[in-house]
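Undergrad: The file below is run-v7.txt, compact mmCIF, C-alpha atoms:
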```txt
# COMPACT_ATOMS: atom_id res chain seq x y z
CA MET A 22 0.00 0.00 0.00
CA THR A 23 2.71 2.43 0.97
CA ASN A 24 3.31 4.33 -2.21
CA THR A 25 6.58 6.10 -1.76
CA THR A 26 5.98 8.74 -4.42
CA ASN A 27 7.90 11.76 -3.38
CA ILE A 28 6.34 15.16 -3.51
CA PRO A 29 9.41 17.11 -4.58
CA ASP A 30 7.83 20.50 -4.31
CA SER A 31 4.42 20.43 -2.73
CA ALA A 32 4.33 24.24 -2.56
CA ALA A 33 4.74 24.45 -6.36
CA LEU A 34 2.04 21.83 -6.85
CA VAL A 35 -0.40 23.74 -4.64
CA GLY A 36 0.64 26.97 -6.34
CA ASN A 37 -0.29 25.56 -9.74
CA TYR A 38 -3.47 24.06 -8.32
CA LEU A 39 -4.66 27.42 -6.92
CA ALA A 40 -3.45 29.20 -10.07
CA ALA A 41 -5.76 26.92 -12.09
CA TRP A 42 -8.69 27.89 -9.86
CA ASN A 43 -7.83 31.57 -10.39
CA GLU A 44 -7.03 31.50 -14.12
CA THR A 45 -9.96 32.80 -16.16
CA ASP A 46 -8.23 32.51 -19.54
CA ALA A 47 -9.51 29.16 -20.79
CA GLN A 48 -6.32 28.06 -22.50
CA ARG A 49 -4.01 29.03 -19.67
CA ARG A 50 -6.36 27.42 -17.14
CA ARG A 51 -6.34 24.17 -19.07
CA GLU A 52 -2.53 24.25 -19.22
CA LEU A 53 -2.40 24.63 -15.44
CA ILE A 54 -4.92 21.80 -15.02
CA ASP A 55 -2.90 19.53 -17.30
CA ARG A 56 0.17 20.29 -15.23
CA THR A 57 -1.60 19.65 -11.94
CA PHE A 58 -4.01 16.75 -12.47
CA THR A 59 -3.72 13.29 -14.00
CA ASP A 60 -5.93 12.51 -17.01
CA HIS A 61 -8.60 10.81 -14.94
CA ALA A 62 -8.27 12.85 -11.77
CA THR A 63 -11.32 13.34 -9.60
CA TYR A 64 -12.43 16.20 -7.37
CA LEU A 65 -15.15 16.07 -4.73
CA ASP A 66 -16.22 18.61 -2.13
CA PRO A 67 -19.54 19.17 -0.34
CA LEU A 68 -20.90 21.32 -3.18
CA MET A 69 -19.50 19.97 -6.43
CA SER A 70 -17.50 17.32 -8.20
CA GLY A 71 -15.45 16.96 -11.36
CA GLU A 72 -14.12 13.93 -13.20
CA GLY A 73 -11.17 14.02 -15.57
CA ARG A 74 -9.28 17.16 -16.58
CA GLY A 75 -12.18 18.33 -18.73
CA GLY A 76 -14.70 17.85 -15.94
CA ILE A 77 -12.48 19.64 -13.44
CA ASP A 78 -11.92 22.47 -15.92
CA ALA A 79 -15.67 22.94 -16.41
CA MET A 80 -16.25 22.81 -12.66
CA ILE A 81 -13.65 25.51 -12.03
CA ALA A 82 -15.05 27.69 -14.84
CA ALA A 83 -18.48 27.47 -13.20
CA VAL A 84 -17.03 28.56 -9.84
CA GLN A 85 -15.31 31.52 -11.50
CA GLU A 86 -18.65 32.58 -13.01
CA LYS A 87 -20.32 32.30 -9.62
CA TYR A 88 -17.62 34.25 -7.78
CA PRO A 89 -16.30 36.89 -10.17
CA GLY A 90 -13.42 38.91 -8.77
CA HIS A 91 -12.64 36.33 -6.10
CA VAL A 92 -9.32 34.55 -5.76
CA PHE A 93 -8.12 31.44 -3.99
CA VAL A 94 -5.15 32.16 -1.74
CA ALA A 95 -3.01 29.56 0.03
CA VAL A 96 -3.22 29.51 3.82
CA GLY A 97 0.02 28.30 5.37
CA ALA A 98 2.29 25.70 3.78
CA PRO A 99 1.11 22.35 2.46
CA ASP A 100 1.77 19.23 4.52
CA ALA A 101 2.72 16.09 2.62
CA HIS A 102 3.96 12.55 3.22
CA HIS A 103 4.25 9.52 0.93
CA ASP A 104 1.75 10.21 -1.88
CA ARG A 105 -0.64 12.26 0.28
CA ILE A 106 -0.97 16.01 0.67
CA ARG A 107 -3.16 18.43 2.55
CA PHE A 108 -3.36 22.18 2.23
CA SER A 109 -5.69 25.06 3.01
CA TRP A 110 -6.89 28.11 1.15
CA HIS A 111 -9.09 31.16 1.53
CA LEU A 112 -11.58 32.37 -1.04
CA VAL A 113 -11.12 36.13 -1.02
CA PRO A 114 -13.18 38.79 -2.82
CA ASP A 115 -11.28 41.60 -4.49
CA GLY A 116 -9.99 43.82 -1.69
CA GLY A 117 -12.07 42.07 0.95
CA GLU A 118 -11.90 39.58 3.76
CA PRO A 119 -11.98 35.81 3.14
CA ILE A 120 -15.47 34.39 2.72
CA ALA A 121 -14.52 30.72 2.94
CA LEU A 122 -11.77 28.47 4.23
CA GLY A 123 -11.08 25.26 2.33
CA ILE A 124 -9.13 22.25 3.54
CA ASP A 125 -8.12 20.03 0.64
CA PHE A 126 -6.76 16.53 0.83
CA GLY A 127 -5.08 15.01 -2.21
CA GLU A 128 -3.51 11.80 -3.43
CA LEU A 129 -0.77 11.89 -6.03
CA ALA A 130 0.13 9.71 -8.95
CA GLU A 131 3.68 8.55 -9.48
CA ASP A 132 4.34 11.50 -11.81
CA GLY A 133 3.57 13.89 -8.94
CA ARG A 134 0.22 15.08 -10.31
CA LEU A 135 -2.97 15.00 -8.30
CA ARG A 136 -5.14 12.00 -9.04
CA CYS A 137 -7.77 12.63 -6.38
CA VAL A 138 -8.73 15.70 -4.36
CA THR A 139 -11.31 15.88 -1.59
CA GLY A 140 -12.28 19.35 -0.44
CA PHE A 141 -13.82 20.33 2.88
CA LEU A 142 -15.29 23.77 3.49
CA GLU A 143 -15.54 25.99 6.53
CA HIS A 144 -17.17 29.36 6.87
CA VAL A 145 -14.88 32.04 8.19
CA MET B 11 -17.31 9.01 -8.89
CA THR B 12 -19.67 10.65 -6.45
CA ASN B 13 -20.33 7.93 -3.96
CA THR B 14 -23.37 9.01 -2.01
CA THR B 15 -22.72 6.79 0.99
CA ASN B 16 -24.19 8.54 3.93
CA ILE B 17 -22.29 8.79 7.14
CA PRO B 18 -25.23 8.40 9.51
CA ASP B 19 -23.29 9.06 12.68
CA SER B 20 -19.79 10.23 12.02
CA ALA B 21 -19.27 11.03 15.71
CA ALA B 22 -20.00 7.39 16.61
CA LEU B 23 -17.63 6.18 13.91
CA VAL B 24 -14.83 8.41 15.16
CA GLY B 25 -15.68 7.40 18.74
CA ASN B 26 -15.19 3.74 17.87
CA TYR B 27 -12.06 4.54 15.89
CA LEU B 28 -10.42 6.35 18.81
CA ALA B 29 -11.70 3.69 21.23
CA ALA B 30 -9.84 1.10 19.15
CA TRP B 31 -6.63 3.12 19.44
CA ASN B 32 -7.15 3.32 23.22
CA GLU B 33 -8.28 -0.26 23.89
CA THR B 34 -5.41 -2.35 25.27
CA ASP B 35 -7.46 -5.53 25.73
CA ALA B 36 -6.64 -7.46 22.55
CA GLN B 37 -10.08 -9.00 22.07
CA ARG B 38 -12.03 -5.80 22.70
CA ARG B 39 -9.64 -3.84 20.48
CA ARG B 40 -10.15 -6.28 17.63
CA GLU B 41 -13.94 -6.00 18.07
CA LEU B 42 -13.69 -2.23 17.79
CA ILE B 43 -11.46 -2.55 14.73
CA ASP B 44 -13.89 -4.97 13.08
CA ARG B 45 -16.70 -2.48 13.71
CA THR B 46 -14.69 0.45 12.35
CA PHE B 47 -12.65 -0.82 9.39
CA THR B 48 -13.44 -2.87 6.30
CA ASP B 49 -11.60 -6.19 5.88
CA HIS B 50 -8.94 -4.73 3.62
CA ALA B 51 -8.77 -1.24 5.09
CA THR B 52 -5.51 0.65 4.90
CA TYR B 53 -3.92 3.21 7.22
CA LEU B 54 -1.00 5.50 6.38
CA ASP B 55 0.54 8.36 8.31
CA PRO B 56 4.05 9.87 8.25
CA LEU B 57 5.37 7.30 10.74
CA MET B 58 3.55 4.02 10.12
CA SER B 59 1.15 2.05 8.02
CA GLY B 60 -1.19 -0.89 8.40
CA GLU B 61 -2.99 -3.07 5.87
CA GLY B 62 -6.11 -5.05 6.65
CA ARG B 63 -7.74 -5.34 10.06
CA GLY B 64 -4.92 -7.55 11.34
CA GLY B 65 -2.26 -5.15 10.17
CA ILE B 66 -4.04 -2.16 11.66
CA ASP B 67 -4.52 -4.07 14.93
CA ALA B 68 -0.79 -4.86 15.14
CA MET B 69 0.09 -1.26 14.31
CA ILE B 70 -2.15 0.08 17.07
CA ALA B 71 -0.79 -2.45 19.58
CA ALA B 72 2.73 -1.23 18.78
CA VAL B 73 1.71 2.39 19.38
CA GLN B 74 0.17 1.44 22.72
CA GLU B 75 3.45 -0.20 23.75
CA LYS B 76 5.37 2.89 22.71
CA TYR B 77 3.05 5.33 24.52
CA PRO B 78 1.81 3.56 27.67
CA GLY B 79 -0.72 5.58 29.65
CA HIS B 80 -1.52 7.84 26.72
CA VAL B 81 -4.96 8.20 25.19
CA PHE B 82 -6.32 9.54 21.93
CA VAL B 83 -8.99 12.18 22.50
CA ALA B 84 -11.23 13.69 19.81
CA VAL B 85 -10.69 17.38 19.07
CA GLY B 86 -13.90 19.03 17.90
CA ALA B 87 -16.55 17.28 15.83
CA PRO B 88 -15.86 15.29 12.67
CA ASP B 89 -16.65 16.85 9.31
CA ALA B 90 -18.09 14.57 6.65
CA HIS B 91 -19.62 14.69 3.17
CA HIS B 92 -20.40 11.97 0.65
CA ASP B 93 -18.14 9.07 1.61
CA ARG B 94 -15.34 11.27 3.01
CA ILE B 95 -14.60 12.25 6.59
CA ARG B 96 -12.01 14.28 8.45
CA PHE B 97 -11.45 14.56 12.17
CA SER B 98 -8.78 15.58 14.65
CA TRP B 99 -7.44 14.15 17.86
CA HIS B 100 -4.90 14.80 20.58
CA LEU B 101 -2.53 12.23 22.02
CA VAL B 102 -2.61 12.94 25.74
CA PRO B 103 -0.43 11.41 28.48
CA ASP B 104 -2.19 10.43 31.70
CA GLY B 105 -2.98 13.68 33.50
CA GLY B 106 -0.88 15.76 31.12
CA GLU B 107 -1.06 18.11 28.21
CA PRO B 108 -1.43 16.86 24.62
CA ILE B 109 1.85 15.85 22.98
CA ALA B 110 0.54 15.54 19.44
CA LEU B 111 -2.30 16.70 17.23
CA GLY B 112 -3.49 14.38 14.50
CA ILE B 113 -5.60 15.27 11.50
CA ASP B 114 -7.11 12.16 9.93
CA PHE B 115 -8.80 11.90 6.56
CA GLY B 116 -10.90 8.84 5.77
CA GLU B 117 -12.88 7.26 2.96
CA LEU B 118 -15.80 5.02 3.77
CA ALA B 119 -17.18 1.87 2.23
CA GLU B 120 -20.88 1.52 1.51
CA ASP B 121 -21.42 -0.18 4.86
CA GLY B 122 -20.16 2.96 6.63
CA ARG B 123 -16.84 1.47 7.75
CA LEU B 124 -13.50 3.09 7.04
CA ARG B 125 -11.73 1.63 4.03
CA CYS B 126 -8.82 4.07 3.94
CA VAL B 127 -7.37 6.46 6.51
CA THR B 128 -4.57 8.94 5.97
CA GLY B 129 -3.15 10.55 9.09
CA PHE B 130 -1.23 13.82 9.32
CA LEU B 131 0.65 14.83 12.45
CA GLU B 132 1.39 18.17 14.07
CA HIS B 133 3.38 18.91 17.15
CA VAL B 134 1.50 20.88 19.76
```
Show me the file's structure as structure tokens.

TA:
Amino acid sequence: MTNTTNIPDSAALVGNYLAAWNETDAQRRRELIDRTFTDHATYLDPLMSGEGRGGIDAMIAAVQEKYPGHVFVAVGAPDAHHDRIRFSWHLVPDGGEPIALGIDFGELAEDGRLRCVTGFLEHV
Amino acid sequence: MTNTTNIPDSAALVGNYLAAWNETDAQRRRELIDRTFTDHATYLDPLMSGEGRGGIDAMIAAVQEKYPGHVFVAVGAPDAHHDRIRFSWHLVPDGGEPIALGIDFGELAEDGRLRCVTGFLEHV
């Protein structure tokens, strides 16, 4: 069971992950998603889900439409071991205070991309 | 992907899970493990891993030998959605202050038992 995939730079991975959530240019967003997720990656949080890079891309685009002018900002440093990672983020409106705190848990493929992300949400 | 397994009583599940970690009677511990984990459940944290109920049982027994007189105590309420759960605990020496904070993430089988747990550790 113990996959010993290293996470060489978990901060860069989370940086690209949050950049994908913030990127409203469709082509650049898809490039970030391709860099961050495996082909058949899955995402699931209390409010939404996405399957595969295309599904995750569409899910993120829908969130951007719902929260225009908001950005996802990392909270603290990611924590990782073996092929598992956890990290937190705030959803922040332009010039405002955070409106949500997310705690994401991910599992990585051997190539260091996310193959599965579970999100949990807290009001702030 | 979206498994809609309900977690009818996540507090009871986490209660049994922590009770298993605290139960030093081998037979009662195994009963708690059987109630909490699927047959082929896996556990992985930065320091150890266990596969199957027998492997998880042996792993917990080893922790109890290493930390005699310590107990695992829930911190806050568990948070769950779909078939995913997260919860936190302190490792507390008899009559003392917590020496560790754990953040566990689990995935559940359709019967409501844990089929996969990833633990993360923080010093307190």

Undergrad: Find the residues in chain B near chain A: any atom within 12 Å counts, using all atoms listed in the file. Write them as a PyMOL selection string.

TA: chain B and resi 11-14+50-62+65+88-97+113-117+126-132

Undergrad: Val92 (chain A): which residues within 9 Å, counting only C-alpha atoms, same-chain residues fewer than 6 positions away excluded, as a ChimeraX atom specification?

TA: /A:39,42-43,85,111-115

Undergrad: Could you jot down the CA of Ala130 (chain A) to CA of Ile43 (chain B) separation for me, Å, one decimal place?

TA: 29.1 Å

Undergrad: Write out as a list of chain:residue names which residues come within 7 Å of Asn37 (chain A) when counting all atoms listed in the file, dropping same-chain ones fewer than 4 positions away.

TA: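 Non-adjacent residues within range: A:Ala33, A:Ala41, A:Leu53, A:Thr57.
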
Undergrad: Could you state the separation of CA of Tyr38 (chain A) and CA of Asp55 (chain A) in Å, given to one decimal place?

TA: 10.1 Å

Undergrad: Quote the spacing between CA of Gln37 (chain B) and CA of Val83 (chain B) in Å to one decimal place.

TA: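 Between CA of Gln37 (chain B) and CA of Val83 (chain B) the gap is 21.2 Å.
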